[in-house]
file run04.txt (compact mmCIF, C-alpha atoms)
# COMPACT_ATOMS: atom_id res chain seq x y z
CA MET A 1 0.00 0.00 0.00
CA MET A 2 2.87 2.41 0.75
CA ALA A 3 4.41 1.65 -2.64
CA LEU A 4 1.09 2.31 -4.39
CA ALA A 5 0.73 5.63 -2.59
CA ALA A 6 4.25 6.69 -3.54
CA LEU A 7 3.66 5.80 -7.19
CA ALA A 8 0.23 7.41 -7.46
CA ALA A 9 0.96 10.77 -5.88
CA PRO A 10 3.19 12.30 -8.56
CA ALA A 11 1.25 10.74 -11.41
CA PHE A 12 -1.96 12.67 -10.70
CA ALA A 13 -0.77 15.89 -9.13
CA GLU A 14 -2.41 18.29 -11.59
CA ASP A 15 -5.88 19.21 -10.33
CA GLU A 16 -6.70 20.85 -13.67
CA ARG A 17 -7.03 17.48 -15.36
CA PRO A 18 -10.58 16.30 -16.13
CA VAL A 19 -9.77 12.87 -14.67
CA THR A 20 -7.68 12.50 -11.48
CA ALA A 21 -6.90 9.70 -9.06
CA THR A 22 -5.34 9.50 -5.61
CA VAL A 23 -4.56 6.25 -3.82
CA GLY A 24 -5.05 5.99 -0.05
CA GLY A 25 -5.49 3.33 2.58
CA ARG A 26 -5.20 2.21 6.16
CA LEU A 27 -3.67 -0.76 7.96
CA HIS A 28 -4.78 -1.65 11.51
CA LEU A 29 -3.02 -4.56 13.25
CA ASP A 30 -4.82 -5.55 16.47
CA PHE A 31 -4.27 -7.88 19.41
CA ALA A 32 -6.35 -8.80 22.47
CA THR A 33 -5.68 -10.74 25.64
CA PHE A 34 -8.50 -11.62 28.06
CA ASP A 35 -9.06 -12.28 31.74
CA ASN A 36 -12.35 -14.22 31.60
CA ASP A 37 -14.56 -15.27 34.48
CA ASN A 38 -15.91 -18.84 34.78
CA ARG A 39 -19.32 -18.06 33.23
CA GLY A 40 -19.82 -19.14 29.64
CA THR A 41 -17.24 -19.83 26.96
CA PRO A 42 -14.00 -17.88 27.51
CA ASN A 43 -12.72 -15.45 24.89
CA LYS A 44 -9.44 -16.51 23.30
CA ASP A 45 -6.36 -14.31 23.15
CA ASP A 46 -5.82 -13.45 19.50
CA THR A 47 -4.37 -11.14 16.88
CA GLU A 48 -5.98 -9.94 13.67
CA ILE A 49 -5.58 -7.67 10.69
CA ARG A 50 -8.55 -5.55 11.63
CA ARG A 51 -8.49 -3.31 8.57
CA ALA A 52 -6.48 -3.39 5.35
CA TRP A 53 -8.23 -0.77 3.24
CA VAL A 54 -7.20 0.62 -0.12
CA ASP A 55 -9.10 3.39 -1.86
CA VAL A 56 -8.91 5.35 -5.09
CA SER A 57 -10.61 8.74 -5.22
CA GLY A 58 -10.63 11.73 -7.50
CA LYS A 59 -12.73 13.37 -10.16
CA PHE A 60 -14.12 12.15 -13.46
CA PHE A 61 -15.00 15.25 -15.47
CA VAL A 62 -17.96 16.84 -13.60
CA VAL A 63 -18.32 14.29 -10.79
CA ASP A 64 -16.16 13.12 -7.89
CA TYR A 65 -15.77 9.42 -7.13
CA LYS A 66 -14.41 7.06 -4.50
CA LEU A 67 -13.77 3.31 -4.64
CA GLU A 68 -12.75 1.70 -1.35
CA ALA A 69 -12.34 -1.93 -0.27
CA ASP A 70 -11.18 -3.88 2.78
CA PHE A 71 -8.79 -6.78 2.10
CA SER A 72 -8.41 -7.95 5.72
CA GLY A 73 -10.90 -10.84 5.67
CA ASP A 74 -11.43 -14.05 3.75
CA ARG A 75 -13.06 -12.04 0.98
CA VAL A 76 -12.79 -8.48 -0.25
CA GLU A 77 -15.47 -6.23 1.26
CA ALA A 78 -16.64 -3.02 -0.39
CA LYS A 79 -16.78 0.17 1.70
CA ASP A 80 -17.30 3.57 0.04
CA VAL A 81 -18.25 3.11 -3.64
CA TYR A 82 -19.95 6.26 -4.89
CA LEU A 83 -20.21 9.22 -7.23
CA SER A 84 -20.85 12.72 -5.94
CA ARG A 85 -21.17 16.25 -7.23
CA SER A 86 -21.02 19.59 -5.48
CA PHE A 87 -23.62 22.27 -6.25
CA GLY A 88 -21.80 25.07 -4.47
CA ASP A 89 -23.38 26.50 -1.34
CA ALA A 90 -26.55 24.47 -1.99
CA GLY A 91 -24.80 21.24 -1.03
CA ARG A 92 -23.51 17.96 -2.43
CA LEU A 93 -25.34 14.99 -3.96
CA THR A 94 -23.91 11.49 -3.37
CA VAL A 95 -25.14 8.29 -5.04
CA GLY A 96 -23.83 4.76 -4.43
CA GLN A 97 -22.66 2.97 -1.30
CA PHE A 98 -21.50 5.17 1.54
CA LYS A 99 -21.57 5.35 5.31
CA GLN A 100 -24.87 6.72 6.56
CA TYR A 101 -25.16 9.83 8.73
CA PHE A 102 -25.71 8.67 12.29
CA SER A 103 -23.95 9.81 15.49
CA LEU A 104 -20.68 11.61 16.17
CA ASP A 105 -19.04 8.39 17.34
CA ASP A 106 -19.75 6.53 14.11
CA ARG A 107 -19.07 9.47 11.79
CA THR A 108 -15.60 9.99 13.29
CA GLY A 109 -13.33 7.74 11.20
CA SER A 110 -11.57 4.72 12.67
CA ASN A 111 -8.23 6.46 12.03
CA TYR A 112 -9.13 9.31 14.38
CA GLY A 113 -11.05 7.86 17.34
CA SER A 114 -9.54 7.90 20.83
CA PHE A 115 -10.30 4.18 21.40
CA LEU A 116 -9.89 1.00 19.37
CA GLU A 117 -13.65 0.49 19.32
CA ARG A 118 -16.57 2.84 19.07
CA GLY A 119 -19.23 2.74 21.77
CA ASN A 120 -22.03 0.18 21.83
CA ALA A 121 -24.48 2.37 19.89
CA GLY A 122 -21.91 3.12 17.21
CA THR A 123 -21.18 -0.57 16.65
CA THR A 124 -24.76 -1.93 16.78
CA LEU A 125 -27.27 0.81 15.89
CA ALA A 126 -25.46 2.89 13.28
CA PRO A 127 -26.55 1.90 9.73
CA LEU A 128 -22.92 1.79 8.42
CA TYR A 129 -22.38 1.32 4.66
CA ARG A 130 -25.59 1.14 2.62
CA LEU A 131 -26.66 1.72 -0.98
CA GLY A 132 -28.54 4.97 -1.41
CA ALA A 133 -28.55 8.66 -2.26
CA SER A 134 -27.88 11.63 0.01
CA TRP A 135 -27.66 15.41 0.10
CA GLN A 136 -25.21 17.15 2.43
CA ALA A 137 -24.69 20.85 3.12
CA ASN A 138 -22.64 23.08 5.42
CA PRO A 139 -24.41 26.44 5.93
CA GLY A 140 -22.33 28.52 8.34
CA ASP A 141 -21.91 26.84 11.71
CA PHE A 142 -24.35 24.06 10.78
CA THR A 143 -24.02 20.82 8.86
CA TRP A 144 -26.93 18.69 7.72
CA ALA A 145 -27.27 15.52 5.70
CA ALA A 146 -30.29 13.48 4.64
CA SER A 147 -30.36 10.17 2.78
CA VAL A 148 -32.67 7.50 1.48
CA TYR A 149 -31.09 4.07 1.40
CA SER A 150 -31.62 0.38 0.98
CA LEU A 151 -30.85 -1.95 3.87
CA GLU A 152 -28.75 -3.91 1.38
CA SER A 153 -25.07 -3.31 0.78
CA ILE A 154 -22.84 -4.58 -1.99
CA ASP A 155 -21.70 -7.48 0.21
CA ALA A 156 -24.90 -8.07 2.21
CA TRP A 157 -27.55 -8.24 -0.49
CA GLN A 158 -29.63 -10.78 1.51
CA VAL A 159 -30.82 -8.02 3.85
CA LYS A 160 -33.96 -6.45 2.35
CA GLY A 161 -35.74 -3.25 3.23
CA ARG A 162 -35.90 0.52 2.87
CA ALA A 163 -34.83 3.38 5.09
CA ALA A 164 -34.33 7.11 5.45
CA GLY A 165 -32.20 9.06 7.88
CA GLY A 166 -30.37 12.25 8.56
CA ARG A 167 -28.10 14.20 10.87
CA VAL A 168 -27.75 17.86 11.80
CA THR A 169 -24.91 19.43 13.80
CA TRP A 170 -24.09 22.87 15.18
CA ALA A 171 -20.62 24.06 16.13
CA PRO A 172 -20.38 27.85 16.62
CA SER A 173 -17.15 29.13 15.02
CA PRO A 174 -14.95 26.13 15.92
CA SER A 175 -11.18 26.71 16.00
CA GLU A 176 -8.16 24.68 17.01
CA GLY A 177 -8.46 23.93 20.71
CA ASP A 178 -11.88 25.56 21.07
CA VAL A 179 -14.88 23.53 19.92
CA LEU A 180 -18.49 23.13 21.05
CA HIS A 181 -20.43 20.49 19.10
CA LEU A 182 -24.12 19.60 19.35
CA GLY A 183 -25.87 17.15 17.06
CA LEU A 184 -28.97 15.07 16.40
CA SER A 185 -29.29 11.91 14.28
CA LEU A 186 -32.52 10.16 13.20
CA ALA A 187 -33.24 7.07 11.09
CA ARG A 188 -36.32 5.09 10.12
CA GLU A 189 -35.74 1.55 8.78
CA ALA A 190 -38.23 -1.03 7.49
CA TYR A 191 -36.86 -4.60 7.34
CA ASP A 192 -38.47 -7.21 5.10
CA ASN A 193 -38.89 -10.59 6.86
CA PRO A 194 -35.72 -10.65 9.00
CA GLY A 195 -34.87 -14.26 9.84
CA GLY A 196 -37.22 -15.67 7.18
CA ASN A 197 -36.64 -16.96 3.65
CA GLY A 198 -32.89 -17.06 4.10
CA THR A 199 -32.53 -13.45 5.25
CA PRO A 200 -30.36 -12.71 8.30
CA GLY A 201 -32.04 -12.13 11.64
CA LEU A 202 -32.18 -8.70 13.23
CA LYS A 203 -30.33 -8.76 16.56
CA ILE A 204 -28.60 -6.27 18.82
CA ARG A 205 -25.59 -8.06 20.35
CA PRO A 206 -22.78 -5.69 21.42
CA ARG A 207 -19.21 -6.86 22.02
CA PRO A 208 -18.45 -5.44 25.46
CA ALA A 209 -14.68 -6.11 25.59
CA GLY A 210 -13.52 -5.33 22.07
CA HIS A 211 -13.86 -6.73 18.57
CA LEU A 212 -12.49 -10.17 19.55
CA SER A 213 -14.82 -10.66 22.54
CA ASP A 214 -17.49 -12.65 20.66
CA GLU A 215 -18.03 -15.06 23.57
CA SER A 216 -19.08 -12.17 25.83
CA ARG A 217 -21.90 -10.95 23.58
CA LEU A 218 -25.34 -10.57 25.16
CA THR A 219 -28.50 -10.51 23.01
CA LEU A 220 -30.53 -7.44 24.00
CA VAL A 221 -33.26 -7.83 21.35
CA ASP A 222 -33.87 -10.46 18.66
CA PHE A 223 -36.31 -9.98 15.78
CA SER A 224 -35.72 -13.06 13.64
CA ALA A 225 -39.22 -14.56 13.31
CA GLY A 226 -39.62 -13.59 9.64
CA ARG A 227 -42.10 -10.76 10.24
CA ASP A 228 -41.60 -7.30 8.72
CA THR A 229 -39.98 -5.11 11.36
CA ASP A 230 -39.98 -1.32 11.70
CA VAL A 231 -37.06 0.32 13.50
CA ASN A 232 -36.78 3.93 14.68
CA LYS A 233 -33.33 5.17 15.75
CA TRP A 234 -32.04 8.40 17.28
CA SER A 235 -28.92 9.84 18.85
CA LEU A 236 -28.16 13.08 20.72
CA GLU A 237 -24.56 14.33 20.47
CA TYR A 238 -22.44 16.64 22.62
CA ALA A 239 -18.70 17.35 22.57
CA GLN A 240 -16.30 20.08 23.64
CA VAL A 241 -12.59 20.71 23.10
CA ARG A 242 -10.66 23.07 25.38
CA GLY A 243 -6.99 23.02 24.48
CA PRO A 244 -5.53 19.59 25.28
CA LEU A 245 -8.74 18.51 27.05
CA SER A 246 -11.88 17.26 25.36
CA TRP A 247 -15.00 15.48 26.49
CA GLN A 248 -18.01 14.09 24.68
CA GLY A 249 -21.10 11.97 25.21
CA GLU A 250 -24.08 10.61 23.34
CA PHE A 251 -27.49 9.27 24.30
CA SER A 252 -28.91 6.91 21.67
CA GLY A 253 -31.85 4.59 21.29
CA ALA A 254 -33.99 2.47 19.01
CA THR A 255 -37.46 0.89 19.02
CA PHE A 256 -38.29 -2.34 17.17
CA ASP A 257 -41.81 -3.49 16.24
CA ASP A 258 -42.84 -6.48 14.10
CA GLY A 259 -46.57 -6.37 14.91
CA ALA A 260 -46.35 -9.10 17.53
CA GLN A 261 -43.33 -8.03 19.58
CA ARG A 262 -41.75 -4.77 20.60
CA GLY A 263 -38.16 -4.09 21.61
CA ASP A 264 -36.48 -1.06 23.11
CA VAL A 265 -32.75 -0.38 23.23
CA MET A 266 -30.96 2.60 24.74
CA ALA A 267 -27.27 3.40 25.07
CA ALA A 268 -25.16 6.16 26.56
CA TYR A 269 -21.47 6.88 26.88
CA GLY A 270 -19.28 9.62 28.26
CA MET A 271 -15.58 10.07 27.61
CA LEU A 272 -12.72 12.37 28.57
CA SER A 273 -9.50 12.86 26.58
CA TRP A 274 -6.27 14.64 27.53
CA PHE A 275 -3.24 15.26 25.32
CA VAL A 276 -0.38 15.14 27.81
CA THR A 277 1.93 16.73 25.22
CA GLY A 278 -0.35 19.73 24.63
CA GLU A 279 -2.01 19.00 21.28
CA SER A 280 -5.76 19.29 20.68
CA ARG A 281 -8.27 17.01 19.00
CA ALA A 282 -8.95 18.33 15.50
CA TYR A 283 -12.49 19.08 14.34
CA ASP A 284 -13.83 19.20 10.76
CA ARG A 285 -16.53 21.87 10.66
CA LYS A 286 -17.62 20.86 7.13
CA THR A 287 -18.69 17.39 8.24
CA GLY A 288 -19.31 17.86 11.98
CA ARG A 289 -16.87 15.23 13.24
CA PHE A 290 -13.39 14.81 14.66
CA ALA A 291 -10.46 14.50 12.27
CA ARG A 292 -6.70 13.95 12.10
CA VAL A 293 -4.56 15.29 14.93
CA LYS A 294 -2.04 17.72 13.43
CA ASN A 295 0.73 20.05 14.61
CA ILE A 296 2.47 17.44 16.75
CA ARG A 297 4.76 19.47 18.99
CA HIS A 298 7.54 17.04 19.92
CA LYS A 299 9.95 14.91 17.93
CA ALA A 300 8.98 11.91 20.07
CA GLY A 301 5.35 12.35 19.04
CA ALA A 302 2.12 13.14 20.87
CA PHE A 303 0.57 11.18 23.73
CA GLU A 304 -3.14 11.05 24.57
CA VAL A 305 -4.90 9.36 27.49
CA ALA A 306 -8.67 8.80 27.47
CA LEU A 307 -11.33 7.30 29.70
CA ARG A 308 -14.83 6.15 28.67
CA TYR A 309 -17.85 4.66 30.41
CA ASP A 310 -20.33 2.97 28.06
CA GLN A 311 -23.66 1.31 28.87
CA MET A 312 -26.38 -0.27 26.75
CA TRP A 313 -29.61 -1.85 27.90
CA GLY A 314 -32.55 -3.45 26.14
CA ALA A 315 -35.91 -5.15 26.67
CA GLN A 316 -38.25 -7.18 24.46
CA HIS A 317 -41.85 -8.24 25.03
CA LEU A 318 -44.94 -9.55 23.28
CA ASP A 319 -47.65 -6.92 22.90
CA GLY A 320 -49.48 -6.61 26.20
CA ALA A 321 -47.25 -9.19 27.95
CA PRO A 322 -44.34 -9.05 30.43
CA ASP A 323 -40.77 -8.79 29.15
CA LEU A 324 -39.34 -11.83 27.38
CA ARG A 325 -35.82 -10.54 27.95
CA ARG A 326 -34.25 -7.61 29.72
CA GLY A 327 -30.49 -7.17 29.88
CA SER A 328 -27.68 -4.67 29.99
CA THR A 329 -23.99 -4.41 29.25
CA GLU A 330 -21.53 -1.87 30.59
CA GLY A 331 -17.83 -1.23 30.33
CA TRP A 332 -14.99 1.06 31.38
CA THR A 333 -12.17 1.66 28.90
CA LEU A 334 -8.86 3.34 29.71
CA GLY A 335 -6.92 4.20 26.57
CA GLY A 336 -3.46 5.45 25.71
CA ASN A 337 -2.46 6.65 22.21
CA TRP A 338 1.08 7.37 21.08
CA TYR A 339 1.11 9.38 17.83
CA LEU A 340 4.56 8.84 16.36
CA ARG A 341 3.40 10.88 13.34
CA ASP A 342 -0.01 12.23 12.41
CA ASN A 343 -0.66 9.04 10.37
CA LEU A 344 1.13 6.49 12.57
CA ARG A 345 0.14 5.59 16.11
CA PHE A 346 0.15 2.82 18.69
CA MET A 347 -3.00 2.34 20.77
CA LEU A 348 -3.52 0.44 24.02
CA ASN A 349 -6.88 -0.10 25.80
CA LEU A 350 -7.66 -1.61 29.19
CA ILE A 351 -11.28 -2.79 29.40
CA GLU A 352 -13.49 -3.89 32.30
CA SER A 353 -16.92 -5.12 31.14
CA ARG A 354 -19.99 -6.71 32.70
CA ASN A 355 -23.25 -8.17 31.32
CA ARG A 356 -26.39 -8.52 33.44
CA ASP A 357 -29.65 -10.42 33.00
CA ARG A 358 -32.08 -7.95 34.54
CA LEU A 359 -34.97 -10.43 34.70
CA ALA A 360 -32.95 -12.90 36.76
CA GLY A 361 -31.05 -10.16 38.61
CA THR A 362 -27.68 -11.82 37.97
CA THR A 363 -24.36 -11.02 36.31
CA VAL A 364 -23.93 -13.43 33.39
CA ASP A 365 -20.46 -12.35 32.25
CA ARG A 366 -17.52 -10.31 33.50
CA THR A 367 -14.52 -9.89 31.26
CA ARG A 368 -11.33 -7.87 31.46
CA ALA A 369 -9.23 -7.29 28.36
CA VAL A 370 -6.05 -5.64 27.16
CA THR A 371 -6.32 -4.66 23.51
CA GLY A 372 -3.89 -2.85 21.25
CA ARG A 373 -3.32 -1.63 17.73
CA LEU A 374 -0.51 -0.51 15.45
CA GLN A 375 -2.12 1.83 12.93
CA PHE A 376 -0.88 3.43 9.72
CA ASP A 377 -2.78 5.33 7.05
CA PHE A 378 -1.87 7.23 3.92

call {"tool": "encode", "arguments": {"input": "run04.txt", "output": "structure tokens"}}
result
Amino acid sequence: MMALAALAAPAFAEDERPVTATVGGRLHLDFATFDNDNRGTPNKDDTEIRRAWVDVSGKFFVVDYKLEADFSGDRVEAKDVYLSRSFGDAGRLTVGQFKQYFSLDDRTGSNYGSFLERGNAGTTLAPLYRLGASWQANPGDFTWAASVYSLESIDAWQVKGRAAGGRVTWAPSPSEGDVLHLGLSLAREAYDNPGGNGTPGLKIRPRPAGHLSDESRLTLVDFSAGRDTDVNKWSLEYAQVRGPLSWQGEFSGATFDDGAQRGDVMAAYGMLSWFVTGESRAYDRKTGRFARVKNIRHKAGAFEVALRYDQMWGAQHLDGAPDLRRGSTEGWTLGGNWYLRDNLRFMLNLIESRNRDRLAGTTVDRTRAVTGRLQFDF
């Protein structure tokens, strides 16, 4: 990937050309080691190539384009694959497969987050990459985006349904080291027969101790009976940056209804970040999200410490009947990030997580984990 980037950069340096191309990518190498309790199947210590993305982006006459794929798994998985065109101050139209507009946590790229993993809502409720069309605009201190999309993606065509969503943010005159961000995200999704006729079921099952903690997953709601299911999602966003300090939180939720059952899920997190070396988290006012940390002050790099508390809880019941399930998951994460350069960093997270069955009043899993990542992007 580094060789491709070096070759591509000089070849397409002239922006005046009607057709341009720039190669980019990211490589995330992860590890995890677990301290499991004696309840359930233990998680195994492991390593993985979490992301090995390559993208080509540029312009093709009057439109912009991006083609992005992940080569880390057993098969190549498409990410951003779209065409877009700017209409000046009126906004930008995007058509194809792209990440939907839902929550500050999910919209902040994996290269720029303070932790290895996003919070529970970002990993389970956010619509992620879907086929659709959107309009985005950035009037003054506001950003807004609205999209209509299929619940299919290029690689998950078995999922059927239709949806619409949007996000609006407000950040009054943000500058380096001085940011106030407020936002609201909404989505309405209509699933066709989840769990029936070969379609995947619709479940909310967060990983409480990192991406490799599959054995610690707790099912909060499960709509897999083959009935059409309507889902309403929302998220409230708040963040501030004051010099080397920043803090943010979100309160998110979703309701599920298939005509016979109803499910409710809510999630909340709060986090605090401190750059020991004096840098500030960077904010992109055009998209309403955090971006690449720049202006590293020391030759040895920048160092950030962060702390997050994250909780998610859910309940499911037949119409007019007591709950069939009621559970919750919570976790503390202490993170340390060493930015050797603005595109190269080492991350380390210490996680303490707990799952509870609220109907039985018992803890069903407690897992501690040490997770880490070596990350490079270009």

call {"tool": "closest_residue", "arguments": {"input": "run04.txt", "among": "A:Gln100, A:Asn111, A:Ser280, A:Ser213", "to": "A:Leu344", "atoms": "only C-alpha atoms"}}
result
A:Asn111

call {"tool": "closest_residue", "arguments": {"input": "run04.txt", "among": "A:Lys203, A:Arg341, A:Arg281, A:Arg292", "to": "A:Gly314", "atoms": "only C-alpha atoms"}}
result
A:Lys203

call {"tool": "closest_residue", "arguments": {"input": "run04.txt", "among": "A:Trp313, A:Tyr238, A:Phe115, A:Phe376", "to": "A:Thr219", "atoms": "all atoms listed in the file"}}
result
A:Trp313

call {"tool": "closest_residue", "arguments": {"input": "run04.txt", "among": "A:Trp157, A:Phe275, A:Phe60, A:Trp170", "to": "A:Val293", "atoms": "all atoms listed in the file"}}
result
A:Phe275

call {"tool": "closest_atom_pairs", "arguments": {"input": "run04.txt", "of": "stretch 56-159 of chain A", "to": "stretch 222-232 of chain A", "cutoff": "12 Å", "atoms": "all atoms listed in the file", "output": "tab-separated table"}}
result
residue	atom	partner	partner_atom	distance
A:Leu125	CA	A:Asn232	CA	10.1
A:Ala126	CA	A:Asn232	CA	11.5
A:Pro127	CA	A:Val231	CA	11.3
A:Leu151	CA	A:Val231	CA	11.7
A:Val159	CA	A:Asp228	CA	11.9

call {"tool": "write_last_selection", "arguments": {"input": "run04.txt", "atoms": "C-alpha atoms", "output": "compact mmCIF listing (two decimals), keeping the file's coordinate frame"}}
result
# COMPACT_ATOMS: atom_id res chain seq x y z
CA LEU A 125 -27.27 0.81 15.89
CA ALA A 126 -25.46 2.89 13.28
CA PRO A 127 -26.55 1.90 9.73
CA LEU A 151 -30.85 -1.95 3.87
CA VAL A 159 -30.82 -8.02 3.85

call {"tool": "residues_around", "arguments": {"input": "run04.txt", "residues": "A:Leu83", "least_positions_apart": "4", "cutoff": "10 Å", "atoms": "all atoms listed in the file", "output": "VMD selection string"}}
result
chain A and resid 57 to 60 63 to 67 93 to 98 133

call {"tool": "residues_near_point", "arguments": {"input": "run04.txt", "point": "(-6.1, -1.2, 29.6)", "cutoff": "6 Å", "atoms": "only C-alpha atoms", "output": "count of residues only"}}
result
5

call {"tool": "closest_residue", "arguments": {"input": "run04.txt", "among": "A:Ser150, A:Asn38, A:Asn197, A:Ser72", "to": "A:Arg50", "atoms": "all atoms listed in the file"}}
result
A:Ser72

call {"tool": "residues_around", "arguments": {"input": "run04.txt", "residues": "A:Gly278", "least_positions_apart": "2", "cutoff": "8 Å", "atoms": "all atoms listed in the file", "output": "mmCIF file with C-alpha atoms, in the frame of the given file"}}
result
data_model
loop_
_atom_site.group_PDB
_atom_site.id
_atom_site.type_symbol
_atom_site.label_atom_id
_atom_site.label_comp_id
_atom_site.auth_asym_id
_atom_site.auth_seq_id
_atom_site.Cartn_x
_atom_site.Cartn_y
_atom_site.Cartn_z
ATOM 1 C CA GLY A 243 -6.990 23.020 24.480
ATOM 2 C CA PRO A 244 -5.530 19.590 25.280
ATOM 3 C CA PHE A 275 -3.240 15.260 25.320
ATOM 4 C CA VAL A 276 -0.380 15.140 27.810
ATOM 5 C CA SER A 280 -5.760 19.290 20.680
ATOM 6 C CA ARG A 297 4.760 19.470 18.990
ATOM 7 C CA ALA A 302 2.120 13.140 20.870
#

call {"tool": "closest_atom_pairs", "arguments": {"input": "run04.txt", "of": "stretch 201-310 of chain A", "to": "stretch 362-368 of chain A", "cutoff": "9 Å", "atoms": "only C-alpha atoms", "output": "CSV"}}
result
residue,atom,partner,partner_atom,distance
A:Pro208,CA,A:Thr367,CA,8.3
A:Ala209,CA,A:Thr367,CA,6.8
A:Ser213,CA,A:Thr367,CA,8.8
A:Ser216,CA,A:Asp365,CA,6.6
A:Arg217,CA,A:Asp365,CA,8.9
A:Leu218,CA,A:Asp365,CA,8.8

call {"tool": "residues_around", "arguments": {"input": "run04.txt", "residues": "A:Leu27", "least_positions_apart": "4", "cutoff": "6 Å", "atoms": "only C-alpha atoms", "output": "PDB file with C-alpha atoms, keeping the file's coordinate frame"}}
result
ATOM      1  CA  ARG A  51      -8.490  -3.310   8.570  1.00  0.00           C
ATOM      2  CA  ALA A  52      -6.480  -3.390   5.350  1.00  0.00           C
ATOM      3  CA  GLN A 375      -2.120   1.830  12.930  1.00  0.00           C
ATOM      4  CA  PHE A 376      -0.880   3.430   9.720  1.00  0.00           C
TER       5      PHE A 376
END

call {"tool": "closest_residue", "arguments": {"input": "run04.txt", "among": "A:Phe142, A:Asn193, A:Ile154, A:Ile204", "to": "A:His181", "atoms": "all atoms listed in the file"}}
result
A:Phe142

call {"tool": "atom_distance", "arguments": {"input": "run04.txt", "atom1": "atom CA of A:Phe34", "atom2": "atom CA of A:Asp46"}}
result
9.2 Å

call {"tool": "residues_near_point", "arguments": {"input": "run04.txt", "point": "(-22.0, -6.9, 19.0)", "cutoff": "7 Å", "atoms": "only C-alpha atoms", "output": "VMD selection string"}}
result
chain A and resid 123 to 124 204 to 207 217

call {"tool": "atom_distance", "arguments": {"input": "run04.txt", "atom1": "atom CA of A:Asp377", "atom2": "atom CA of A:His298"}}
result
20.2 Å
